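As provided, coords.cif (mmCIF, C-alpha atoms) reads as follows.
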```cif
data_coords
loop_
_atom_site.label_atom_id
_atom_site.label_comp_id
_atom_site.auth_asym_id
_atom_site.auth_seq_id
_atom_site.Cartn_x
_atom_site.Cartn_y
_atom_site.Cartn_z
CA GLU A 152 25.06 18.08 21.37
CA GLY A 153 24.47 19.09 17.76
CA SER A 154 24.32 15.50 16.45
CA ALA A 155 22.91 13.70 19.50
CA GLY A 156 19.47 13.36 17.93
CA LEU A 157 20.92 12.13 14.64
CA ALA A 158 22.90 9.43 16.43
CA GLY A 159 19.69 8.22 18.10
CA PHE A 160 17.83 8.16 14.80
CA MET A 161 20.62 6.20 13.10
CA LYS A 162 20.34 3.63 15.87
CA CYS A 163 16.63 3.37 15.03
CA VAL A 164 17.49 2.77 11.36
CA VAL A 165 19.91 -0.01 12.30
CA GLN A 166 17.28 -1.66 14.52
CA VAL A 167 14.40 -1.62 12.01
CA SER A 168 16.68 -2.96 9.25
CA ARG A 169 17.06 -6.07 11.43
CA ALA A 170 13.62 -5.98 13.14
CA GLU A 171 15.41 -6.14 16.48
CA ILE A 172 15.70 -3.92 19.56
CA GLY A 173 19.29 -3.14 20.44
CA PRO A 174 20.41 -3.18 24.09
CA ASN A 175 21.21 -0.09 26.15
CA ASN A 176 24.97 0.27 25.94
CA HIS A 177 26.82 -0.04 29.28
CA LEU A 178 23.62 -0.72 31.24
CA ARG A 179 24.61 -3.12 34.02
CA SER A 180 22.16 -2.29 36.81
CA LEU A 181 19.26 0.09 37.39
CA ASN A 182 19.51 3.08 39.66
CA PRO A 183 17.71 2.02 42.87
CA HIS A 184 16.23 5.52 43.15
CA ILE A 185 14.26 5.09 39.91
CA ASP A 186 10.75 3.80 40.59
CA MET A 187 9.76 1.52 37.70
CA ASP A 188 6.47 0.38 39.24
CA GLY A 189 3.59 1.44 37.01
CA PHE A 190 5.98 2.70 34.31
CA ASP A 191 5.16 0.81 31.10
CA ALA A 192 8.71 0.36 29.84
CA VAL A 193 11.40 -2.30 29.61
CA MET A 194 15.09 -1.55 30.01
CA VAL A 195 16.61 -3.71 27.29
CA THR A 196 19.93 -5.27 28.26
CA GLU A 197 20.32 -7.66 25.34
CA SER A 198 19.22 -7.73 21.73
CA SER A 199 15.61 -8.86 21.32
CA LEU A 200 13.08 -9.26 18.54
CA ALA A 201 11.04 -6.12 17.93
CA ALA A 202 8.21 -8.04 16.28
CA ARG A 203 7.26 -11.45 14.93
CA HIS A 204 6.80 -9.94 11.51
CA ASP A 205 9.26 -8.94 8.82
CA SER A 206 9.26 -5.24 9.72
CA ALA A 207 9.45 -2.95 12.75
CA GLN A 208 8.72 0.61 13.81
CA ILE A 209 10.92 2.39 16.37
CA GLY A 210 10.90 5.98 17.64
CA VAL A 211 13.42 8.24 19.34
CA SER A 212 13.03 11.51 21.25
CA SER A 213 15.77 14.09 21.67
CA TYR A 214 15.81 17.00 24.10
CA GLY A 215 18.25 19.76 23.19
CA PHE A 216 20.19 21.83 25.72
CA GLY A 217 18.68 24.99 24.25
CA GLY A 218 15.12 23.79 24.83
CA THR A 219 14.33 22.23 21.43
CA ASN A 220 12.52 18.90 21.64
CA ALA A 221 12.14 16.52 18.70
CA HIS A 222 10.72 13.06 18.00
CA ALA A 223 11.30 10.85 14.94
CA GLU A 224 9.89 7.51 13.84
CA ALA A 225 11.66 4.94 11.67
CA TRP A 226 9.95 2.05 9.89
CA GLY A 227 11.66 -0.58 7.80
CA ARG A 228 11.84 -4.19 6.70
CA ASN A 229 14.31 -6.79 7.91
CA ILE A 230 16.94 -6.87 5.16
CA TYR A 231 19.91 -8.34 7.06
CA THR A 232 19.02 -11.39 9.15
CA SER A 233 17.87 -14.87 8.17
CA ARG A 234 14.38 -14.01 9.46
CA GLY A 235 13.94 -11.50 6.65
CA ALA A 236 11.80 -12.14 3.61
CA LEU A 237 14.80 -11.76 1.29
CA SER A 238 16.27 -14.98 2.66
CA ILE A 239 13.05 -17.01 2.33
CA ASP A 240 12.59 -19.48 -0.53
CA ASP A 241 9.31 -18.28 -2.06
CA ASN A 242 8.68 -21.62 -3.80
CA LYS A 243 8.98 -23.61 -0.57
CA GLU A 244 6.83 -21.14 1.36
CA ALA A 245 4.14 -21.16 -1.33
CA LYS A 246 3.99 -24.96 -1.37
CA LYS A 247 3.85 -24.99 2.44
CA LEU A 248 0.87 -22.62 2.39
CA LEU A 249 -0.97 -24.78 -0.12
CA ARG A 250 -0.47 -27.88 2.03
CA MET A 251 -1.74 -26.21 5.21
CA PRO A 252 -5.35 -26.86 6.27
CA MET A 253 -7.50 -24.03 4.92
CA ILE A 254 -11.00 -23.20 3.82
CA HIS A 255 -10.04 -23.25 0.14
CA GLN A 256 -9.88 -26.51 -1.75
CA VAL A 257 -6.58 -27.60 -3.29
CA VAL A 258 -6.23 -30.20 -6.06
CA ILE A 259 -2.66 -31.54 -6.22
CA LYS A 260 -1.53 -32.24 -9.78
CA GLY A 261 2.02 -33.53 -10.00
CA ASP A 262 5.09 -32.35 -8.12
CA ASP A 263 5.11 -28.80 -9.50
CA PHE A 264 2.90 -26.80 -7.14
CA ARG A 265 2.39 -24.13 -9.83
CA ASN A 266 0.13 -26.63 -11.62
CA TRP A 267 -1.98 -27.28 -8.56
CA GLU A 268 -5.52 -25.93 -8.57
CA THR A 269 -7.02 -23.99 -5.68
CA SER A 270 -10.34 -22.27 -5.06
CA GLY A 271 -8.46 -19.44 -3.33
CA PRO A 272 -5.54 -17.22 -4.30
CA HIS A 273 -2.65 -19.20 -5.72
CA PRO A 274 0.66 -18.20 -4.03
CA GLY A 275 2.60 -19.79 -6.87
CA LYS A 276 1.14 -17.47 -9.52
CA VAL A 277 2.94 -14.22 -8.86
CA GLY A 278 1.17 -11.20 -10.35
CA GLN A 279 -2.22 -12.90 -10.70
CA SER A 280 -5.04 -10.53 -9.75
CA TYR A 281 -8.34 -11.59 -8.20
CA LYS A 282 -11.77 -10.20 -7.59
CA ILE A 283 -12.89 -11.13 -4.07
CA HIS A 284 -16.49 -11.52 -2.95
CA ALA A 285 -17.37 -12.13 0.71
CA ASP A 286 -20.94 -12.82 1.84
CA THR A 287 -22.56 -12.39 5.26
CA ASP A 288 -21.91 -16.06 6.13
CA GLY A 289 -18.16 -15.59 5.87
CA ASN A 290 -17.79 -17.40 2.55
CA VAL A 291 -15.10 -15.88 0.35
CA VAL A 292 -14.88 -16.42 -3.41
CA PHE A 293 -11.70 -15.59 -5.34
CA LYS A 294 -12.17 -15.08 -9.08
CA PRO A 295 -9.01 -14.71 -11.20
CA ILE A 296 -9.05 -11.64 -13.42
CA ASP A 297 -8.60 -12.34 -17.12
CA GLU A 298 -7.15 -9.17 -18.67
CA ASP A 299 -8.61 -9.96 -22.08
CA LEU A 300 -12.15 -10.48 -20.77
CA GLU A 301 -12.24 -7.77 -18.09
CA ASP A 302 -14.25 -4.62 -18.85
CA TRP A 303 -11.67 -1.90 -18.14
CA GLY A 304 -13.74 0.86 -19.77
CA GLU A 305 -13.64 2.71 -23.07
CA ASP A 306 -13.85 6.38 -22.03
CA PHE A 307 -12.58 7.93 -18.82
CA ALA A 308 -13.41 10.98 -16.74
CA LEU A 309 -12.48 12.80 -13.55
CA ARG A 310 -14.77 13.38 -10.62
CA GLY A 311 -13.65 15.38 -7.61
CA THR A 312 -14.43 17.79 -4.81
CA TRP A 313 -13.75 20.92 -6.89
CA ASN A 314 -17.04 20.42 -8.78
CA ASP A 315 -19.03 18.43 -6.22
CA TRP A 316 -18.01 15.10 -7.78
CA GLN A 317 -19.52 15.84 -11.16
CA VAL A 318 -18.12 13.90 -14.13
CA GLU A 319 -15.55 15.77 -16.26
CA PRO A 320 -14.45 13.80 -19.37
CA LEU A 321 -10.74 13.22 -19.87
CA GLU A 322 -9.25 13.80 -23.32
CA ALA A 323 -7.40 10.99 -25.07
CA HIS A 324 -3.80 11.92 -25.80
CA GLU A 325 -3.22 12.52 -29.49
CA SER A 326 -0.13 10.33 -29.77
CA ILE A 327 0.09 8.04 -26.70
CA ASP A 328 -2.37 5.18 -26.75
CA GLY A 329 -3.99 4.61 -23.36
CA LEU A 330 -3.16 8.06 -21.93
CA TRP A 331 -5.99 10.34 -20.83
CA VAL A 332 -5.52 13.95 -19.73
CA GLY A 333 -7.58 16.40 -17.65
CA LYS A 334 -7.28 19.42 -15.33
CA ALA A 335 -8.34 20.34 -11.82
CA THR A 336 -8.38 23.69 -10.01
CA ILE A 337 -7.62 23.97 -6.30
CA GLY A 338 -10.36 25.64 -4.24
CA GLN A 339 -10.14 27.89 -1.18
CA SER A 340 -9.41 24.96 1.15
CA GLY A 341 -6.13 24.25 -0.65
CA VAL A 342 -7.02 20.55 -0.84
CA GLU A 343 -9.00 18.59 -3.44
CA ARG A 344 -9.81 14.88 -3.82
CA PHE A 345 -10.53 12.96 -7.02
CA GLN A 346 -11.21 9.56 -8.57
CA ILE A 347 -11.29 8.19 -12.13
CA ILE A 348 -14.58 6.89 -13.55
CA ALA A 349 -14.92 4.78 -16.70
CA ASP A 350 -17.88 5.04 -19.09
CA GLU A 351 -19.72 7.19 -16.48
CA ASP A 352 -20.49 3.90 -14.72
CA GLU A 353 -20.62 3.99 -10.90
CA GLU A 354 -19.37 0.39 -10.88
CA LYS A 355 -16.22 1.29 -12.84
CA ILE A 356 -14.30 3.53 -10.45
CA TYR A 357 -10.49 3.64 -10.32
CA TYR A 358 -9.07 4.74 -6.96
CA PRO A 359 -5.93 4.42 -4.80
CA ALA A 360 -5.39 1.60 -2.33
CA THR A 361 -5.14 4.09 0.56
CA GLU A 362 -7.42 6.88 1.78
CA ARG A 363 -6.53 10.53 1.11
CA CYS A 364 -3.67 9.37 -1.07
CA GLY A 365 -1.05 11.96 -1.99
CA SER A 366 1.34 9.52 -3.63
CA MET A 367 1.43 8.72 -7.33
CA ALA A 368 3.21 5.43 -6.56
CA THR A 369 0.35 3.90 -4.57
CA GLU A 370 -1.32 0.83 -6.09
CA ILE A 371 -4.44 1.59 -8.14
CA TRP A 372 -7.57 -0.46 -7.49
CA GLY A 373 -10.59 -0.93 -9.73
CA PRO A 374 -12.59 -0.74 -11.76
CA ASP A 375 -15.34 -1.42 -9.22
CA CYS A 376 -17.66 0.44 -6.83
CA GLN A 377 -16.21 3.14 -4.58
CA GLU A 378 -18.11 5.88 -2.76
CA VAL A 379 -17.00 9.49 -3.19
CA THR A 380 -16.43 9.51 0.56
CA GLY A 381 -14.09 6.53 0.23
CA ARG A 382 -10.57 6.21 -1.18
CA ALA A 383 -9.42 9.01 -3.45
CA TRP A 384 -6.28 10.83 -4.56
CA LEU A 385 -5.34 14.06 -2.82
CA LEU A 386 -4.20 17.30 -4.46
CA LYS A 387 -2.67 20.11 -2.38
CA GLY A 388 -1.86 23.62 -3.60
CA LYS A 389 -2.60 27.30 -3.34
CA PRO A 390 -6.21 28.36 -4.03
CA GLY A 391 -6.63 28.86 -7.76
CA ALA A 392 -3.68 26.65 -8.71
CA GLU A 393 -4.27 24.35 -11.68
CA PHE A 394 -3.09 20.75 -11.96
CA ARG A 395 -2.73 18.57 -15.04
CA ILE A 396 -3.91 15.03 -14.28
CA GLU A 397 -2.87 12.08 -16.46
CA PHE A 398 -4.43 8.63 -16.29
CA PHE A 399 -2.79 5.77 -18.19
CA GLN A 400 -4.61 2.48 -18.67
CA ARG A 401 -3.88 -0.56 -20.80
CA LYS A 402 -5.77 -3.53 -19.41
CA ALA A 403 -4.41 -4.20 -15.90
CA ARG A 404 -1.52 -1.74 -16.31
CA LYS A 405 -2.54 1.66 -15.03
CA SER A 406 -1.03 4.75 -13.45
CA VAL A 407 -2.00 8.23 -12.26
CA PHE A 408 0.23 11.30 -12.52
CA TRP A 409 -0.32 14.97 -11.75
CA LEU A 410 1.68 18.20 -11.78
CA ALA A 411 1.04 21.90 -11.26
CA VAL A 412 0.74 23.94 -14.48
#
```
Here is the file; what I need is its structure written in the form of structure tokens.
Amino acid sequence: EGSAGLAGFMKCVVQVSRAEIGPNNHLRSLNPHIDMDGFDAVMVTESSLAARHDSAQIGVSSYGFGGTNAHAEAWGRNIYTSRGALSIDDNKEAKKLLRMPMIHQVVIKGDDFRNWETSGPHPGKVGQSYKIHADTDGNVVFKPIDEDLEDWGEDFALRGTWNDWQVEPLEAHESIDGLWVGKATIGQSGVERFQIIADEDEEKIYYPATERCGSMATEIWGPDCQEVTGRAWLLKGKPGAEFRIEFFQRKARKSVFWLAV
């Protein structure tokens, strides 16, 4: 009884690591007294694919004898079977994508697909960043980002909810090149949001790839336009608590870090 829920969750972990749904053990026939009509469920009797993609999400509910109910969700990538991304030859897949009919133009130059030219994102150039522009007619333009020519900004500042999104300059670290430091104070709500702005230019905003982001590991986007109501980092703490915020930027390499002080 004490570990029944854990056993169910471990089964979820096993299933998502293969992106498959495991069968119900010992299920041979359904109880004729159970009415399945109108019940949106499938009694799985053999292993089946959970999704066409490389990952899956599976949940489990547990109802304790003492009245405690719990539900847990597991998400993971396929890391065991041949359908997983780890077993895919990236070079072959990239060349296959370039040969497929698409909107973007591809100029084939030699046998090495990495030398081919394309008007869209190049799957053979790992790590290449692009600026994407889409117009109202559905035309999409991909422009490779040249780190040496990109305007990353010279001076940086914070803007956040604690001061109604006013610009507060960050101080350059005295010994670490590219590191900028600032502070934020948590208000009565216990939650504050912030972004990084370069050169006090509304078109040079650095922000996380997800909304209301509380993770320092999330990819950083920008510099470009981003409304204050859009994507921003999230600070949580007791009212009056102070946080030290660090922003590191050297061309395309950038990071955000914060800690309570």
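Reported to one decimal place, the separation of atom CA of A:Lys355 from atom CA of A:Trp313 is 20.7 Å.
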From A:Phe307, A:Trp331, A:Phe394, A:Phe160, residue lying nearest A:Glu351 [all atoms listed in the file]: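 Going through A:Phe307, A:Trp331, A:Phe394, A:Phe160 one by one, the smallest distance to A:Glu351 is for A:Phe307.
Counting only C-alpha atoms, the residue from A:Glu171, A:Glu268, A:Gly210, A:Asp263 that sits nearest to A:Val195 is A:Glu171.
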In Å, how far is it from atom CA of A:Glu224 to atom CA of A:Ala192?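 Computing the Euclidean distance for atom CA of A:Glu224 and atom CA of A:Ala192 yields 17.6 Å.
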Just to confirm, what's the straight-line distance from atom CA of A:Lys387 to atom CA of A:Ser340 in Å (one decimal)?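 Pair atom CA of A:Lys387 / atom CA of A:Ser340 returns 9.0 Å.
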Once the PyMOL selection byres ((chain A and resi 379) around 12) has been applied to the shown file, what residues remain in the selection, as an mmCIF file with C-alpha atoms, in the frame of the given file?
```
data_model
loop_
_atom_site.group_PDB
_atom_site.id
_atom_site.type_symbol
_atom_site.label_atom_id
_atom_site.label_comp_id
_atom_site.auth_asym_id
_atom_site.auth_seq_id
_atom_site.Cartn_x
_atom_site.Cartn_y
_atom_site.Cartn_z
ATOM 1 C CA LEU A 309 -12.480 12.800 -13.550
ATOM 2 C CA ARG A 310 -14.770 13.380 -10.620
ATOM 3 C CA GLY A 311 -13.650 15.380 -7.610
ATOM 4 C CA THR A 312 -14.430 17.790 -4.810
ATOM 5 C CA ASP A 315 -19.030 18.430 -6.220
ATOM 6 C CA TRP A 316 -18.010 15.100 -7.780
ATOM 7 C CA GLN A 317 -19.520 15.840 -11.160
ATOM 8 C CA VAL A 318 -18.120 13.900 -14.130
ATOM 9 C CA ARG A 344 -9.810 14.880 -3.820
ATOM 10 C CA PHE A 345 -10.530 12.960 -7.020
ATOM 11 C CA GLN A 346 -11.210 9.560 -8.570
ATOM 12 C CA ILE A 347 -11.290 8.190 -12.130
ATOM 13 C CA ILE A 348 -14.580 6.890 -13.550
ATOM 14 C CA GLU A 353 -20.620 3.990 -10.900
ATOM 15 C CA ILE A 356 -14.300 3.530 -10.450
ATOM 16 C CA TYR A 357 -10.490 3.640 -10.320
ATOM 17 C CA TYR A 358 -9.070 4.740 -6.960
ATOM 18 C CA GLU A 362 -7.420 6.880 1.780
ATOM 19 C CA ARG A 363 -6.530 10.530 1.110
ATOM 20 C CA CYS A 376 -17.660 0.440 -6.830
ATOM 21 C CA GLN A 377 -16.210 3.140 -4.580
ATOM 22 C CA GLU A 378 -18.110 5.880 -2.760
ATOM 23 C CA THR A 380 -16.430 9.510 0.560
ATOM 24 C CA GLY A 381 -14.090 6.530 0.230
ATOM 25 C CA ARG A 382 -10.570 6.210 -1.180
ATOM 26 C CA ALA A 383 -9.420 9.010 -3.450
ATOM 27 C CA TRP A 384 -6.280 10.830 -4.560
#
```
For A:Arg179, find every residue with an atom within 12 Å (counting only C-alpha atoms), except residues of its own chain fewer than 6 positions away, and show them as a ChimeraX atom specification. /A:194-197
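Residues matching the PyMOL selection byres ((chain A and resi 211-213) around 7) in this structure come to Gly156, Gly159, Phe160, Gly210, Tyr214, Gly215, Asn220, Ala221, His222, Ala223 and Glu224 of chain A.
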Within 8 Å of A:Leu386 using all atoms listed in the file, minus same-chain residues under 2 positions, as a PDB file with C-alpha atoms, in the coordinates of the input:
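Listing of selection.pdb after writing:
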```pdb
ATOM      1  CA  ILE A 337      -7.620  23.970  -6.300  1.00  0.00           C
ATOM      2  CA  VAL A 342      -7.020  20.550  -0.840  1.00  0.00           C
ATOM      3  CA  GLU A 343      -9.000  18.590  -3.440  1.00  0.00           C
ATOM      4  CA  ARG A 344      -9.810  14.880  -3.820  1.00  0.00           C
ATOM      5  CA  GLY A 365      -1.050  11.960  -1.990  1.00  0.00           C
ATOM      6  CA  TRP A 384      -6.280  10.830  -4.560  1.00  0.00           C
ATOM      7  CA  GLY A 388      -1.860  23.620  -3.600  1.00  0.00           C
TER       8      GLY A 388
END
```
Would you pick out the contacts of A:Ala360 at 6 Å or less, using all atoms listed in the file, so that residues sharing its chain but fewer than 2 positions from it are not included, and give the list as a VMD selection string? chain A and resid 370 to 372
Counting only C-alpha atoms, which residue out of A:Val332, A:Leu178, A:Ala411, A:Ile230 sits closest to A:Ile396? A:Val332
With distances taken over all atoms listed in the file, which of A:Ala158, A:Ala392, A:Ile209, A:Ala403 is nearest to A:Gly338? A:Ala392
